[in-house]
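Enquirer: Sharing a structure with you now.
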Amino acid sequence: MTSDEQRDPGTPSTPPSAYQGPYSYGSGGSYPPPTGSAYGQPSGPSYGSPSYGAPSYGSQSYAGQPYGTPAPGTSTPGQPGTTALVERPRRRRGGILAAATLAAVIGAGAGIGSYAYLGGAATSAGSPISVTTVPAASSPVLDGTISAAAGKIDPSVVTITVQAGNSGDIGSGVVLDTDGHILTNNHVVSAAAGSGQTSMTVTLPDGTTAPATVVGTSASNDLAVIKVDGVADLKPATFAKSDALQVGQAVVAAGAPLGLSESITSGIVSNTARPVRSGNDNDAVYLAVQTDAAINPGNSGGPLVDLNGSVVGINSSIASTGSSGGSGSQSGNIGIGFAIPSDVAVRVAGELIANGKSVNAAFGVTVGGSADSDLSTATGVALQTVVPDGAAAAAGLRAGDVVTKVDDFHTTTADGLIASTRYFAPGTTVTVTYVRDGGAAQTVDVKLGSS
């Protein structure tokens with residue numbers, strides 16, 4: 001990543017001991033052999049020393065399992081604490097690897113080429129689609145039941161099957177517009193986006209199928225847009241603002257867990273801003289919506305919706321307690337699932353449709369990991385270096401400053417700082433709280449760059 005924070009080599013992230021991961025459900029291809037000592041445990045993760053926004057980011061190897069589990073949760077918008085470990089739910093059927101991706105619904109039917117976004121803001125400039133803001137007073141209000149929410153979102157949820165040679169993945173997706181654009185996870189379609197003989201098929205709510213192509217992917221956000229052509233009567237999903245979510249709020253997850261299409265599970269929002277690291281190479285870092293709604297292999301890329309049936313997140317990963325011995329067994333849902341916030345998903349989807357790629361915000365610093373006692377504290381993240389002419393340097397931040405908050409997001413880990421930065425669009429001005437030389441907390445406005 002270019003001007004995002006980088007980690008120092010040799011300072012691996014240490015996830016909570018109960019979790020093994022990170023993993024995302026639904027990575028393409030066959031499962032790799034286990035490489036960690038415990039199920040899903042990365043073996044010797046190595047983070048390169050990229051800066052936030054620097055072109056390269058370290059990767060972690062994943063121990064392969066028959067089923068992956070998605071990335072773990074969020075903390076309240078003020079507490080991006082310990083990075084959640086995640087797994088990718090996968091499922092093997094015959095010779096096909098069913099990638100279980102968590103689906104979060106995005107999009108909306110405000111006419112061809114547009115999304116209905118409840119209380120949303122416009123997508124980035126240059127996007128061929130526009131996000132329509134619907135005043136809350138005029139937005140449709142359902143009866144607040146799970147069945148009503150399910151009935152609203154079901155017509156917008158699809159099942160995605162990727163065949164790569166003798167193996168494949170199964171995940172979920174959500175219809176964005178009547179032109180055939182569908183939002184899903186990058187780890188669901190990465191095999192189809194690469195080289196080689198692959199095919200991708202979308203199963204629609206009425207049971208019919210259509211071939212699909214990849215429009216664009218964002219590995220750093222674990223998002224992708226695919227497209228089906230010549231399909232009539234597509235029903236785009238409606239999006240709500242994820243920054244309005246509250247802990248304890250009821251939500252519903254839709255998708256195809258274990259390949260079982262048209263499945264619905266329910267739960268609550270457990271946290272609204274948990275730093276999560278997931279993706280095929282553990283290169284996706286984002287502030288996730290944490291939920292106890294059951295998310296399993298095949299859910300990846302499907303929608304997480306509120307009780308109005310409006311998408312508030314894209315299901316992506318889950319936390320797992322793992323298994324011992326690398327025997328190939330795997331754990332499924334344990335009540336800790338993660339979804340990419342709709343606010344981020346809508347912005348990235350617009351960029352992918354417009355340009356085939358997305359751009360992340362960049363802070364312009366490098367940071368050390370938790371092993372650097374002189375570079376980390378219990379309350380913030382110490383800046384190891386400040387990139388000349390970067391966003392942090394322009395704001396007057398220096399190496400050694402300890403960043404404790406980015407706007408309302410507490411940053412107690414390097415991933416928390418990275419995720420908090422990526423939550424915003426490039427060019428956004430954020431208020432950064434920091435401590436210098438052990439003094440009192442100070443604030444400074446930082447205009448984020450891009451990477």
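Residues in the structure tokens are named by chain (A, B, ... in the order shown) and by number from 1 within that chain; ligands are numbered from 1 in the order shown.
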Just want the 6 Å neighbourhood of Val225 in chain A, counted on only C-alpha atoms, with same-chain residues fewer than 5 positions away dropped. Output as a list in words.

Expert: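 Contacts, in chain order: Ile182, Leu183, Val215 and Gly216 of chain A.
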
Enquirer: Determine the nearest neighbour of Val175 in chain A from the options A:Thr443, A:Thr413, A:Ser156, A:Thr428, counting only C-alpha atoms.

Expert: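 Result for the nearest residue to Val175 in chain A: A:Ser156.
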
Enquirer: With only C-alpha atoms as the basis for distance, which of A:Ser450, A:Ser147, A:Thr217, A:Thr421 is at the shortest distance from Pro275 in chain A?

Expert: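 Answer, going by the shortest atom-to-atom distance: A:Thr421.
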
Enquirer: Quick one: residues within 6 Å of Ala149 in chain A, only C-alpha atoms, excluding same-chain residues fewer than 6 positions away - as number ranges by chain?

Expert: A: 307-309

Enquirer: Write out as a CSV table (one decimal) with C-alpha atoms, in the first residue's frame each polymer residue whose atoms come within 6 Å of range 195-206 of chain A, counting only C-alpha atoms; drop sequence neighbours fewer than 3 positions from it.

Expert:
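Listed below is the output, selection-v3.csv:
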```csv
chain,number,residue,atom,x,y,z
A,155,PRO,CA,-35.1,-11.2,-4.9
A,158,VAL,CA,-27.7,-14.5,-6.1
A,159,THR,CA,-25.5,-17.6,-5.8
A,160,ILE,CA,-22.1,-17.5,-7.6
A,161,THR,CA,-20.3,-20.6,-8.7
A,162,VAL,CA,-16.7,-20.3,-9.9
A,163,GLN,CA,-15.2,-23.3,-11.7
A,164,ALA,CA,-11.4,-23.4,-12.0
A,192,ALA,CA,-12.2,-16.2,-12.3
A,209,THR,CA,-28.5,-19.3,-14.5
A,210,ALA,CA,-26.4,-16.9,-16.5
A,211,PRO,CA,-22.6,-16.7,-17.2
A,212,ALA,CA,-20.8,-13.8,-15.5
```

Enquirer: Go ahead and compute the interatomic distance for CA of Val430 in chain A and CA of Val387 in chain A, in Å to one decimal.

Expert: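 Between CA of Val430 in chain A and CA of Val387 in chain A the gap is 17.8 Å.
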
Enquirer: What is the CA of Leu223 in chain A to CA of Phe409 in chain A distance in Å?

Expert: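 Here the two named atoms are 22.2 Å from each other.
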
Enquirer: Using only C-alpha atoms for the distances, tell me which of A:Lys405, A:Arg274, A:His187, A:Lys152 is nearest to Ala219 in chain A.

Expert: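 Using only C-alpha atoms, Ala219 in chain A sits closest to A:His187.
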